[in-house]
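Participant: My structure is stored as query03.cif, with mmCIF, C-alpha atoms and all ligand atoms.
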```cif
data_upload
loop_
_atom_site.label_atom_id
_atom_site.label_comp_id
_atom_site.auth_asym_id
_atom_site.auth_seq_id
_atom_site.Cartn_x
_atom_site.Cartn_y
_atom_site.Cartn_z
CA MET A 8 -38.55 25.94 1.49
CA THR A 9 -41.20 25.69 4.18
CA ASN A 10 -41.01 21.87 4.14
CA GLU A 11 -37.38 21.95 5.26
CA LYS A 12 -36.96 21.19 8.91
CA HIS A 13 -34.80 23.63 10.78
CA PHE A 14 -31.55 21.99 11.91
CA THR A 15 -31.79 23.70 15.30
CA ASP A 16 -35.05 21.82 16.10
CA GLU A 17 -33.28 18.50 16.07
CA LEU A 18 -30.45 19.92 18.18
CA ALA A 19 -32.99 21.34 20.64
CA ASN A 20 -34.58 17.89 21.05
CA GLU A 21 -31.21 16.29 21.71
CA ILE A 22 -30.33 18.93 24.28
CA GLN A 23 -33.69 18.49 26.03
CA ALA A 24 -33.04 14.76 26.29
CA ASP A 25 -29.43 15.03 27.47
CA PRO A 26 -29.28 13.86 31.10
CA SER A 27 -25.77 15.27 31.60
CA LEU A 28 -26.94 18.89 31.24
CA SER A 29 -28.37 20.89 34.11
CA ASP A 30 -31.71 22.68 33.63
CA GLU A 31 -29.86 25.97 33.73
CA ALA A 32 -27.45 24.91 30.98
CA LYS A 33 -30.34 23.61 28.88
CA THR A 34 -32.20 26.90 29.16
CA GLN A 35 -29.11 28.82 28.10
CA VAL A 36 -28.33 26.58 25.11
CA LEU A 37 -31.97 26.56 23.96
CA PHE A 38 -32.06 30.33 24.23
CA ASN A 39 -28.93 30.56 22.06
CA LEU A 40 -30.43 28.15 19.53
CA GLN A 41 -33.53 30.33 19.27
CA LYS A 42 -31.27 33.29 18.59
CA LEU A 43 -29.37 31.31 15.95
CA LYS A 44 -32.65 30.37 14.29
CA LYS A 45 -33.46 34.02 13.74
CA THR A 46 -29.96 35.09 12.69
CA LYS A 47 -29.01 35.01 9.04
CA VAL A 48 -25.62 33.41 8.52
CA ASN A 49 -23.80 33.82 5.23
CA MET A 50 -21.07 31.31 4.49
CA LEU A 51 -18.78 31.39 1.47
CA ILE A 52 -17.48 27.96 0.48
CA THR A 53 -14.18 27.88 -1.36
CA GLY A 54 -11.50 25.39 -2.33
CA ALA A 55 -9.81 23.70 -5.25
CA THR A 56 -11.93 22.05 -7.91
CA GLY A 57 -13.02 18.61 -6.74
CA CYS A 58 -12.38 19.17 -3.03
CA GLY A 59 -16.07 18.59 -2.32
CA LYS A 60 -17.78 21.98 -2.10
CA SER A 61 -20.94 20.90 -3.88
CA SER A 62 -21.05 17.61 -1.95
CA THR A 63 -20.74 19.49 1.33
CA ILE A 64 -23.63 21.77 0.38
CA ASN A 65 -25.75 18.74 -0.54
CA ALA A 66 -24.89 17.02 2.72
CA LEU A 67 -26.05 20.11 4.62
CA PHE A 68 -29.29 20.29 2.66
CA GLY A 69 -29.88 16.54 2.75
CA TYR A 70 -30.52 16.29 -0.98
CA GLU A 71 -28.82 17.16 -4.25
CA LYS A 72 -29.05 20.89 -4.43
CA ALA A 73 -25.66 21.61 -6.02
CA LYS A 74 -24.33 19.60 -8.95
CA VAL A 75 -21.52 17.27 -7.90
CA GLY A 76 -18.53 16.59 -10.08
CA GLN A 77 -18.81 19.74 -12.12
CA GLY A 78 -15.63 21.61 -12.78
CA ALA A 79 -15.28 25.10 -14.15
CA SER A 80 -17.98 24.70 -16.76
CA PRO A 81 -19.80 27.89 -17.80
CA GLU A 82 -22.63 27.23 -15.33
CA THR A 83 -20.27 27.19 -12.36
CA MET A 84 -18.14 30.18 -13.35
CA ASP A 85 -19.98 32.46 -10.95
CA ILE A 86 -20.60 32.24 -7.24
CA GLN A 87 -23.92 30.47 -6.70
CA LYS A 88 -26.30 31.11 -3.84
CA PHE A 89 -28.12 28.39 -1.90
CA GLU A 90 -30.45 29.05 1.01
CA TYR A 91 -31.11 26.59 3.78
CA ASN A 92 -33.27 27.85 6.64
CA ASN A 93 -31.50 30.98 7.82
CA ILE A 94 -28.19 29.79 6.41
CA ILE A 95 -27.10 31.19 3.09
CA LEU A 96 -24.35 29.27 1.35
CA TRP A 97 -22.31 30.78 -1.45
CA ASP A 98 -20.65 28.15 -3.62
CA SER A 99 -17.62 29.57 -5.39
CA PRO A 100 -16.02 28.01 -8.47
CA GLY A 101 -12.96 25.94 -7.60
CA LEU A 102 -9.43 27.06 -8.22
CA GLY A 103 -6.80 25.03 -10.06
CA ASP A 104 -8.25 24.94 -13.57
CA GLY A 105 -5.80 27.31 -15.22
CA LYS A 106 -4.33 30.70 -14.56
CA GLU A 107 -6.92 32.84 -16.28
CA ALA A 108 -9.86 31.11 -14.64
CA ASP A 109 -8.10 31.30 -11.24
CA ILE A 110 -7.59 35.05 -11.55
CA ARG A 111 -11.25 35.56 -12.38
CA HIS A 112 -12.49 33.28 -9.60
CA SER A 113 -10.13 34.90 -7.07
CA LYS A 114 -11.44 38.33 -8.00
CA ASN A 115 -15.02 37.14 -7.51
CA ILE A 116 -14.11 35.70 -4.10
CA ILE A 117 -12.39 38.95 -3.05
CA ASP A 118 -15.41 41.00 -4.18
CA LYS A 119 -17.68 38.76 -2.13
CA LEU A 120 -15.42 39.20 0.93
CA TYR A 121 -15.86 42.96 0.74
CA GLU A 122 -19.59 42.89 -0.02
CA LYS A 123 -21.78 44.62 2.57
CA ASN A 124 -25.35 43.77 3.52
CA SER A 125 -28.19 46.29 3.66
CA ASP A 126 -27.12 47.27 7.21
CA GLY A 127 -23.65 48.17 5.97
CA GLU A 128 -22.06 45.15 7.66
CA MET A 129 -19.86 42.54 6.01
CA LEU A 130 -22.15 40.13 4.18
CA ILE A 131 -19.97 37.04 4.62
CA ASP A 132 -19.85 35.82 8.22
CA LEU A 133 -17.68 32.82 7.56
CA VAL A 134 -15.37 31.64 4.78
CA LEU A 135 -15.02 27.90 4.66
CA VAL A 136 -11.97 26.59 2.80
CA LEU A 137 -12.20 22.89 2.06
CA LEU A 138 -8.98 20.97 1.60
CA GLU A 139 -9.03 17.63 -0.16
CA GLY A 140 -7.82 15.16 2.45
CA GLY A 141 -6.40 12.72 -0.11
CA SER A 142 -4.47 15.28 -2.12
CA ARG A 143 -0.69 15.38 -1.82
CA ASP A 144 -0.44 18.75 -3.50
CA LEU A 145 -2.40 21.39 -1.66
CA GLY A 146 -0.42 24.27 -3.20
CA THR A 147 -3.46 25.80 -4.87
CA SER A 148 -5.42 25.65 -1.64
CA PHE A 149 -2.68 27.38 0.36
CA GLU A 150 -2.36 30.07 -2.31
CA LEU A 151 -6.08 30.59 -1.98
CA ILE A 152 -5.88 30.85 1.81
CA ASN A 153 -2.66 32.87 2.09
CA GLN A 154 -2.85 35.12 -0.94
CA VAL A 155 -6.53 35.54 -1.67
CA ILE A 156 -8.54 35.05 1.50
CA ILE A 157 -6.40 36.13 4.47
CA PRO A 158 -5.25 39.47 3.01
CA ASN A 159 -8.87 40.36 2.21
CA LEU A 160 -10.51 39.27 5.44
CA GLY A 161 -10.06 42.55 7.25
CA GLU A 162 -9.42 42.59 10.97
CA ASP A 163 -11.58 39.65 11.87
CA LYS A 164 -9.51 36.63 10.95
CA LYS A 165 -12.01 34.49 12.82
CA ARG A 166 -14.14 34.60 9.70
CA LEU A 167 -11.83 31.90 8.30
CA LEU A 168 -12.67 28.25 8.78
CA VAL A 169 -10.47 25.56 7.23
CA ALA A 170 -11.74 22.01 6.97
CA ILE A 171 -10.12 18.86 5.67
CA ASN A 172 -12.67 17.06 3.58
CA GLN A 173 -12.64 13.55 2.11
CA ALA A 174 -11.07 12.31 5.32
CA ASP A 175 -12.01 8.77 4.24
CA MET A 176 -9.60 9.11 1.29
CA ALA A 177 -6.73 10.70 3.21
CA MET A 178 -4.78 7.39 3.21
CA LYS A 179 -6.08 6.28 -0.19
CA GLY A 180 -9.14 4.76 1.38
CA ARG A 181 -7.24 2.72 3.97
CA TYR A 182 -8.15 2.71 7.67
CA TRP A 183 -11.62 4.06 7.10
CA ASN A 184 -14.17 1.92 8.86
CA HIS A 185 -17.05 1.93 6.40
CA ALA A 186 -19.37 -0.04 8.66
CA GLU A 187 -19.06 2.53 11.45
CA ASN A 188 -18.35 5.44 9.10
CA PHE A 189 -15.44 6.32 11.28
CA PRO A 190 -11.61 6.55 10.97
CA GLU A 191 -9.43 3.85 12.55
CA PRO A 192 -6.63 5.03 14.91
CA GLU A 193 -4.00 4.99 12.10
CA LEU A 194 -6.09 7.38 10.07
CA VAL A 195 -6.92 9.56 13.08
CA LYS A 196 -3.17 9.97 13.69
CA PHE A 197 -2.56 10.77 10.03
CA LEU A 198 -5.37 13.34 10.02
CA ASP A 199 -4.08 14.92 13.23
CA GLU A 200 -0.69 15.38 11.56
CA LYS A 201 -2.38 16.86 8.54
CA VAL A 202 -4.20 19.35 10.74
CA THR A 203 -0.89 20.38 12.35
CA SER A 204 0.93 20.77 9.04
CA THR A 205 -2.02 22.71 7.60
CA ARG A 206 -2.04 25.05 10.57
CA ASN A 207 1.72 25.56 10.23
CA ARG A 208 1.57 26.28 6.53
CA ILE A 209 -1.02 28.95 7.09
CA LYS A 210 0.64 30.57 10.09
CA CYS A 211 4.22 30.49 8.77
CA TYR A 212 3.33 32.03 5.49
CA GLN A 213 1.38 34.90 6.91
CA ARG A 214 3.39 35.35 10.10
CA LEU A 215 0.09 35.93 11.78
CA ASN A 216 -0.47 35.15 15.37
CA PHE A 217 -3.80 33.45 15.10
CA ASP A 218 -5.03 29.93 14.99
CA PRO A 219 -7.36 29.14 12.17
CA PHE A 220 -10.20 26.99 13.30
CA LEU A 221 -9.63 23.58 11.82
CA THR A 222 -12.08 20.78 11.50
CA LYS A 223 -11.71 17.43 9.92
CA ASN A 224 -13.53 14.22 9.22
CA ILE A 225 -16.23 15.83 7.20
CA VAL A 226 -17.26 12.87 5.15
CA PHE A 227 -20.22 12.46 2.90
CA ASN A 228 -21.13 9.31 1.12
N1 LIG B 301 -14.81 9.57 -0.89
C1 LIG B 301 -15.29 10.83 -0.85
N2 LIG B 301 -15.60 11.44 -2.00
C2 LIG B 301 -16.07 12.71 -1.95
C3 LIG B 301 -16.24 13.40 -0.72
N3 LIG B 301 -16.71 14.65 -1.00
C4 LIG B 301 -16.81 14.72 -2.33
N4 LIG B 301 -16.44 13.57 -2.93
C5 LIG B 301 -16.38 13.29 -4.38
O1 LIG B 301 -15.42 14.17 -4.98
C6 LIG B 301 -15.84 14.57 -6.29
C7 LIG B 301 -15.89 16.10 -6.38
O2 LIG B 301 -16.89 16.60 -5.51
P1 LIG B 301 -17.62 18.00 -5.73
O3 LIG B 301 -18.57 18.14 -4.58
O4 LIG B 301 -18.22 18.12 -7.09
O5 LIG B 301 -16.41 19.00 -5.59
P2 LIG B 301 -16.36 20.57 -5.93
O6 LIG B 301 -15.71 20.68 -7.27
O7 LIG B 301 -15.50 21.16 -4.86
O8 LIG B 301 -17.75 21.11 -5.90
C8 LIG B 301 -17.19 13.90 -6.52
O9 LIG B 301 -16.99 12.73 -7.26
C9 LIG B 301 -17.68 13.57 -5.12
O10 LIG B 301 -18.55 12.45 -5.09
C10 LIG B 301 -15.88 12.70 0.50
O11 LIG B 301 -15.94 13.23 1.63
N5 LIG B 301 -15.41 11.43 0.36
MG MG B 302 -18.87 22.22 -7.33
#
```
Please re-express this file's structure in structure tokens.
Facilitator:
Amino acid sequence: MTNEKHFTDELANEIQADPSLSDEAKTQVLFNLQKLKKTKVNMLITGATGCGKSSTINALFGYEKAKVGQGASPETMDIQKFEYNNIILWDSPGLGDGKEADIRHSKNIIDKLYEKNSDGEMLIDLVLVLLEGGSRDLGTSFELINQVIIPNLGEDKKRLLVAINQADMAMKGRYWNHAENFPEPELVKFLDEKVTSTRNRIKCYQRLNFDPFLTKNIVFN
């Protein structure tokens, strides 16, 4: 993968060119980027079938690396590994395709969460749960978060990252500005409410006093 440009190079160029940053701030950020470049980051991507895990991986790579639109076919029954620069992405099979398959996939996810690297540290640095923005029934996703992931995260709940994907479809395709690739105010408001209700559903269920890091508007065409 030597032909793949490192994503931090582009960021470094943008930071260099940013007139709003002081020289001191630039030096610090560039130093951190250099550190990031050398650090291996393992991310486990989870979510219900069809939420957009494979599409997200492809968007990060910039080309079709993972097969899109594949459900729990035999090829995607196991967690697959994709490497991009120093980032290692683990694509887990989606939940929601039947009880037996869900039990097996959940077990694989839990095993991955406990896996240690050669230094005896937790292998997975970050677990990304993708929620399908346009779905009215996120029950499977919340079961995954509350019953599978959170209880097996250990002390460091910061390893959990929840993102609402398919933001363009959150209101059935309405209020998405395709020309600008940006949500109109109506959709922004709707997504904000979705973020709040998501946060509440996670916190209430677990009675945990932490705020999961939520992102939204991850959209890939
Ligand atoms: N409109 C829209 N469609 C998406 C987005 N992400 C994924 N899709 C579509 O959703 C379907 C399922 O995506 P896939 O990546 O295979 O989901 P996975 O089962 O979680 O791996 C495919 O038809 C994708 O093209 C998005 O952000 N917006
Ligand atoms: Mg997939």
Participant: Give me, as a list in words, all polymer residues having an atom no more than 10 Å from Met129 (chain A), counting only C-alpha atoms and skipping those fewer than 4 positions away in the same chain.
Facilitator: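 In the requested form, the answer reads Asn49, Lys119, Leu120, Tyr121, Glu122, Lys123, Asn124, Ser125, Leu160 and Gly161 of chain A.
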Participant: If we count all atoms listed in the file and set the cut-off at 12 Å, which residues sit around Asn159 (chain A), ignoring sequence neighbours fewer than 6 positions away in its own chain? Please answer as a PDB file with C-alpha atoms, keeping the file's coordinate frame.
Facilitator:
```
ATOM      1  CA  SER A 113     -10.130  34.900  -7.070  1.00  0.00           C
ATOM      2  CA  LYS A 114     -11.440  38.330  -8.000  1.00  0.00           C
ATOM      3  CA  ASN A 115     -15.020  37.140  -7.510  1.00  0.00           C
ATOM      4  CA  ILE A 116     -14.110  35.700  -4.100  1.00  0.00           C
ATOM      5  CA  ILE A 117     -12.390  38.950  -3.050  1.00  0.00           C
ATOM      6  CA  ASP A 118     -15.410  41.000  -4.180  1.00  0.00           C
ATOM      7  CA  LYS A 119     -17.680  38.760  -2.130  1.00  0.00           C
ATOM      8  CA  LEU A 120     -15.420  39.200   0.930  1.00  0.00           C
ATOM      9  CA  TYR A 121     -15.860  42.960   0.740  1.00  0.00           C
ATOM     10  CA  GLU A 122     -19.590  42.890  -0.020  1.00  0.00           C
ATOM     11  CA  MET A 129     -19.860  42.540   6.010  1.00  0.00           C
ATOM     12  CA  ILE A 131     -19.970  37.040   4.620  1.00  0.00           C
ATOM     13  CA  VAL A 134     -15.370  31.640   4.780  1.00  0.00           C
ATOM     14  CA  LEU A 151      -6.080  30.590  -1.980  1.00  0.00           C
ATOM     15  CA  ILE A 152      -5.880  30.850   1.810  1.00  0.00           C
ATOM     16  CA  ASN A 153      -2.660  32.870   2.090  1.00  0.00           C
ATOM     17  CA  ARG A 166     -14.140  34.600   9.700  1.00  0.00           C
ATOM     18  CA  LEU A 167     -11.830  31.900   8.300  1.00  0.00           C
TER      19      LEU A 167
END
```
Participant: Restricting the calculation to all atoms listed in the file: of A:Val155, A:Leu37, A:Leu145, A:Leu96, which residue gets closest to His112 (chain A)?
Facilitator: A:Val155
Participant: Just the number, please: distance in Å from atom O4 of ligand LIG 301 (chain B) to CA of Thr53 (chain A), one decimal.
Facilitator: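 Answer for the atom O4 of ligand LIG 301 (chain B) to CA of Thr53 (chain A) separation: 12.0 Å.
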Participant: Contacts of Lys74 (chain A) at 9 Å or less, counting all atoms listed in the file, minus same-chain residues fewer than 3 places along, as a PyMOL selection string?
Facilitator: chain A and resi 61-62+65+71+77
Participant: Please identify all protein, DNA and RNA residues within 10 Å of ligand LIG 301 (chain B), counting all atoms listed in the file, and report them as a ChimeraX atom specification.
Facilitator: /A:52-66,73-79,83,98-102,137-141,171-177,179-180,224-228
Participant: Counting all atoms listed in the file, which residue out of A:Lys72, A:Arg143, A:His185, A:Lys196 sits closest to ligand MG 302 (chain B)?
Facilitator: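 Of the candidates, the smallest distance to ligand MG 302 (chain B) is held by A:Lys72.
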Participant: Using CA of Tyr70 (chain A) and CA of Gly103 (chain A) as the two end points, give the distance in Å to one decimal.
Facilitator: 26.9 Å
Participant: Rounded to one decimal, what separation in Å do you get between CA of Asp163 (chain A) and CA of Leu135 (chain A)?
Facilitator: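 If I compute the distance from CA of Asp163 (chain A) to CA of Leu135 (chain A), I get 14.2 Å.
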Participant: With distances taken over all atoms listed in the file, which residue among A:Ile86, A:Ile95, A:Ala186, A:Ala108 lies nearest ligand MG 302 (chain B)?
Facilitator: A:Ile86
Participant: Once you count all atoms listed in the file, what closest atom pair and distance in Å to one decimal does each residue of region 41-72 of chain A within 9 Å of region 14-33 of chain A have, with rows by chain and rising residue number, as a tab-separated table?
Facilitator:
```
residue	atom	partner	partner_atom	distance
A:Gln41	CA	A:Thr15	CA	7.9
A:Leu43	CA	A:Thr15	CA	8.0
A:Lys44	CA	A:Thr15	CA	6.8
```
Participant: Go through A:Gln154, A:Arg111, A:Pro192, A:Asp85 and flag the residue nearest ligand MG 302 (chain B), using only C-alpha atoms and all ligand atoms for the distances.
Facilitator: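 The answer is A:Asp85, which sits nearest to ligand MG 302 (chain B).
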Participant: Taking into account all atoms listed in the file, which residue in the set A:Glu128, A:Val202, A:Phe197, A:Trp97 is nearest to ligand MG 302 (chain B)?
Facilitator: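 Result for the nearest residue to ligand MG 302 (chain B): A:Trp97.
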Participant: Counting all atoms listed in the file, note down every residue that has an atom within 8 Å of the point (-33.5, 32.3, 7.4) (file coordinates), as a list in words.
Facilitator: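 Returned residue set, sorted by chain then number, is Lys44, Lys45, Thr46, Lys47, Glu90, Tyr91, Asn92, Asn93, Ile94 and Ile95 of chain A.
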Participant: So, with all atoms listed in the file as the atoms that count, which of A:Met84, A:His13, A:Thr205, A:Leu67 lies closest to ligand MG 302 (chain B)?
Facilitator: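 Between A:Met84, A:His13, A:Thr205, A:Leu67, the residue approaching ligand MG 302 (chain B) most closely is A:Met84.
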Participant: Centre and edge lengths, as lines of an AutoDock Vina configuration file, for the axis-aligned box enclosing every listed atom of region 25-33 of chain A with 5 Å of padding on each of the six sides, in Å to one decimal?
Facilitator:
```
center_x = -28.7
center_y = 19.9
center_z = 30.8
size_x = 15.9
size_y = 22.1
size_z = 16.6
```
Participant: Can you fill out region 83-94 of chain A with all heavy atoms and hand it back as a PDB file, in the coordinates of the input?
Facilitator:
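Full text of selection.pdb as output:
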```pdb
ATOM      1  N   THR A  83     -20.830  27.025 -13.700  1.00  0.00           N
ATOM      2  CA  THR A  83     -20.270  27.190 -12.360  1.00  0.00           C
ATOM      3  C   THR A  83     -19.157  28.247 -12.323  1.00  0.00           C
ATOM      4  O   THR A  83     -18.313  28.236 -11.458  1.00  0.00           O
ATOM      5  CB  THR A  83     -19.743  25.845 -11.801  1.00  0.00           C
ATOM      6  OG1 THR A  83     -18.863  25.300 -12.776  1.00  0.00           O
ATOM      7  CG2 THR A  83     -20.853  24.884 -11.503  1.00  0.00           C
ATOM      8  N   MET A  84     -19.173  29.139 -13.310  1.00  0.00           N
ATOM      9  CA  MET A  84     -18.140  30.180 -13.350  1.00  0.00           C
ATOM     10  C   MET A  84     -18.396  31.259 -12.307  1.00  0.00           C
ATOM     11  O   MET A  84     -17.492  31.955 -11.887  1.00  0.00           O
ATOM     12  CB  MET A  84     -18.083  30.830 -14.735  1.00  0.00           C
ATOM     13  CG  MET A  84     -17.423  29.944 -15.779  1.00  0.00           C
ATOM     14  SD  MET A  84     -15.732  29.536 -15.363  1.00  0.00           S
ATOM     15  CE  MET A  84     -14.868  30.796 -16.286  1.00  0.00           C
ATOM     16  N   ASP A  85     -19.664  31.422 -11.914  1.00  0.00           N
ATOM     17  CA  ASP A  85     -19.980  32.460 -10.950  1.00  0.00           C
ATOM     18  C   ASP A  85     -20.296  31.853  -9.592  1.00  0.00           C
ATOM     19  O   ASP A  85     -20.573  30.666  -9.486  1.00  0.00           O
ATOM     20  CB  ASP A  85     -21.189  33.265 -11.435  1.00  0.00           C
ATOM     21  CG  ASP A  85     -20.867  33.977 -12.740  1.00  0.00           C
ATOM     22  OD1 ASP A  85     -19.768  34.546 -12.839  1.00  0.00           O
ATOM     23  OD2 ASP A  85     -21.706  33.921 -13.649  1.00  0.00           O
ATOM     24  N   ILE A  86     -20.263  32.714  -8.580  1.00  0.00           N
ATOM     25  CA  ILE A  86     -20.600  32.240  -7.240  1.00  0.00           C
ATOM     26  C   ILE A  86     -22.107  32.003  -7.192  1.00  0.00           C
ATOM     27  O   ILE A  86     -22.895  32.864  -7.567  1.00  0.00           O
ATOM     28  CB  ILE A  86     -20.138  33.280  -6.195  1.00  0.00           C
ATOM     29  CG1 ILE A  86     -18.597  33.365  -6.220  1.00  0.00           C
ATOM     30  CG2 ILE A  86     -20.643  32.907  -4.811  1.00  0.00           C
ATOM     31  CD1 ILE A  86     -17.999  34.405  -5.305  1.00  0.00           C
ATOM     32  N   GLN A  87     -22.494  30.802  -6.750  1.00  0.00           N
ATOM     33  CA  GLN A  87     -23.920  30.470  -6.700  1.00  0.00           C
ATOM     34  C   GLN A  87     -24.434  30.552  -5.271  1.00  0.00           C
ATOM     35  O   GLN A  87     -23.718  30.239  -4.321  1.00  0.00           O
ATOM     36  CB  GLN A  87     -24.131  29.045  -7.214  1.00  0.00           C
ATOM     37  CG  GLN A  87     -23.993  28.919  -8.714  1.00  0.00           C
ATOM     38  CD  GLN A  87     -24.232  27.486  -9.148  1.00  0.00           C
ATOM     39  OE1 GLN A  87     -23.434  26.598  -8.836  1.00  0.00           O
ATOM     40  NE2 GLN A  87     -25.324  27.256  -9.837  1.00  0.00           N
ATOM     41  N   LYS A  88     -25.707  30.935  -5.168  1.00  0.00           N
ATOM     42  CA  LYS A  88     -26.300  31.110  -3.840  1.00  0.00           C
ATOM     43  C   LYS A  88     -27.288  29.985  -3.535  1.00  0.00           C
ATOM     44  O   LYS A  88     -28.129  29.657  -4.363  1.00  0.00           O
ATOM     45  CB  LYS A  88     -27.029  32.457  -3.837  1.00  0.00           C
ATOM     46  CG  LYS A  88     -27.708  32.816  -2.549  1.00  0.00           C
ATOM     47  CD  LYS A  88     -28.436  34.150  -2.727  1.00  0.00           C
ATOM     48  CE  LYS A  88     -29.134  34.567  -1.455  1.00  0.00           C
ATOM     49  NZ  LYS A  88     -29.897  35.797  -1.625  1.00  0.00           N
ATOM     50  N   PHE A  89     -27.170  29.414  -2.345  1.00  0.00           N
ATOM     51  CA  PHE A  89     -28.120  28.390  -1.900  1.00  0.00           C
ATOM     52  C   PHE A  89     -28.619  28.771  -0.513  1.00  0.00           C
ATOM     53  O   PHE A  89     -27.813  29.110   0.354  1.00  0.00           O
ATOM     54  CB  PHE A  89     -27.437  27.016  -1.806  1.00  0.00           C
ATOM     55  CG  PHE A  89     -26.894  26.526  -3.116  1.00  0.00           C
ATOM     56  CD1 PHE A  89     -25.546  26.630  -3.397  1.00  0.00           C
ATOM     57  CD2 PHE A  89     -27.733  25.962  -4.061  1.00  0.00           C
ATOM     58  CE1 PHE A  89     -25.027  26.176  -4.610  1.00  0.00           C
ATOM     59  CE2 PHE A  89     -27.233  25.508  -5.275  1.00  0.00           C
ATOM     60  CZ  PHE A  89     -25.881  25.620  -5.548  1.00  0.00           C
ATOM     61  N   GLU A  90     -29.926  28.699  -0.307  1.00  0.00           N
ATOM     62  CA  GLU A  90     -30.450  29.050   1.010  1.00  0.00           C
ATOM     63  C   GLU A  90     -30.994  27.831   1.727  1.00  0.00           C
ATOM     64  O   GLU A  90     -31.707  27.006   1.132  1.00  0.00           O
ATOM     65  CB  GLU A  90     -31.571  30.079   0.868  1.00  0.00           C
ATOM     66  CG  GLU A  90     -31.007  31.444   0.521  1.00  0.00           C
ATOM     67  CD  GLU A  90     -32.009  32.565   0.712  1.00  0.00           C
ATOM     68  OE1 GLU A  90     -32.398  32.810   1.874  1.00  0.00           O
ATOM     69  OE2 GLU A  90     -32.391  33.159  -0.301  1.00  0.00           O
ATOM     70  N   TYR A  91     -30.640  27.700   2.967  1.00  0.00           N
ATOM     71  CA  TYR A  91     -31.110  26.590   3.780  1.00  0.00           C
ATOM     72  C   TYR A  91     -31.496  27.150   5.149  1.00  0.00           C
ATOM     73  O   TYR A  91     -30.635  27.592   5.899  1.00  0.00           O
ATOM     74  CB  TYR A  91     -29.997  25.548   3.929  1.00  0.00           C
ATOM     75  CG  TYR A  91     -30.279  24.455   4.916  1.00  0.00           C
ATOM     76  CD1 TYR A  91     -31.259  23.504   4.652  1.00  0.00           C
ATOM     77  CD2 TYR A  91     -29.567  24.366   6.102  1.00  0.00           C
ATOM     78  CE1 TYR A  91     -31.523  22.495   5.551  1.00  0.00           C
ATOM     79  CE2 TYR A  91     -29.816  23.355   7.007  1.00  0.00           C
ATOM     80  CZ  TYR A  91     -30.797  22.427   6.740  1.00  0.00           C
ATOM     81  OH  TYR A  91     -31.053  21.431   7.627  1.00  0.00           O
ATOM     82  N   ASN A  92     -32.786  27.164   5.450  1.00  0.00           N
ATOM     83  CA  ASN A  92     -33.270  27.850   6.640  1.00  0.00           C
ATOM     84  C   ASN A  92     -32.697  29.270   6.636  1.00  0.00           C
ATOM     85  O   ASN A  92     -32.760  29.956   5.623  1.00  0.00           O
ATOM     86  CB  ASN A  92     -32.883  27.111   7.922  1.00  0.00           C
ATOM     87  CG  ASN A  92     -33.470  25.706   8.022  1.00  0.00           C
ATOM     88  OD1 ASN A  92     -32.899  24.854   8.653  1.00  0.00           O
ATOM     89  ND2 ASN A  92     -34.608  25.456   7.400  1.00  0.00           N
ATOM     90  N   ASN A  93     -32.081  29.637   7.760  1.00  0.00           N
ATOM     91  CA  ASN A  93     -31.500  30.980   7.820  1.00  0.00           C
ATOM     92  C   ASN A  93     -30.047  31.006   7.350  1.00  0.00           C
ATOM     93  O   ASN A  93     -29.371  32.012   7.455  1.00  0.00           O
ATOM     94  CB  ASN A  93     -31.578  31.506   9.258  1.00  0.00           C
ATOM     95  CG  ASN A  93     -30.991  30.522  10.226  1.00  0.00           C
ATOM     96  OD1 ASN A  93     -31.228  29.319  10.108  1.00  0.00           O
ATOM     97  ND2 ASN A  93     -30.211  31.013  11.158  1.00  0.00           N
ATOM     98  N   ILE A  94     -29.579  29.853   6.851  1.00  0.00           N
ATOM     99  CA  ILE A  94     -28.190  29.790   6.410  1.00  0.00           C
ATOM    100  C   ILE A  94     -28.118  30.016   4.906  1.00  0.00           C
ATOM    101  O   ILE A  94     -28.850  29.388   4.130  1.00  0.00           O
ATOM    102  CB  ILE A  94     -27.584  28.408   6.757  1.00  0.00           C
ATOM    103  CG1 ILE A  94     -27.810  28.144   8.236  1.00  0.00           C
ATOM    104  CG2 ILE A  94     -26.130  28.320   6.320  1.00  0.00           C
ATOM    105  CD1 ILE A  94     -26.673  27.720   9.031  1.00  0.00           C
TER     106      ILE A  94
END
```
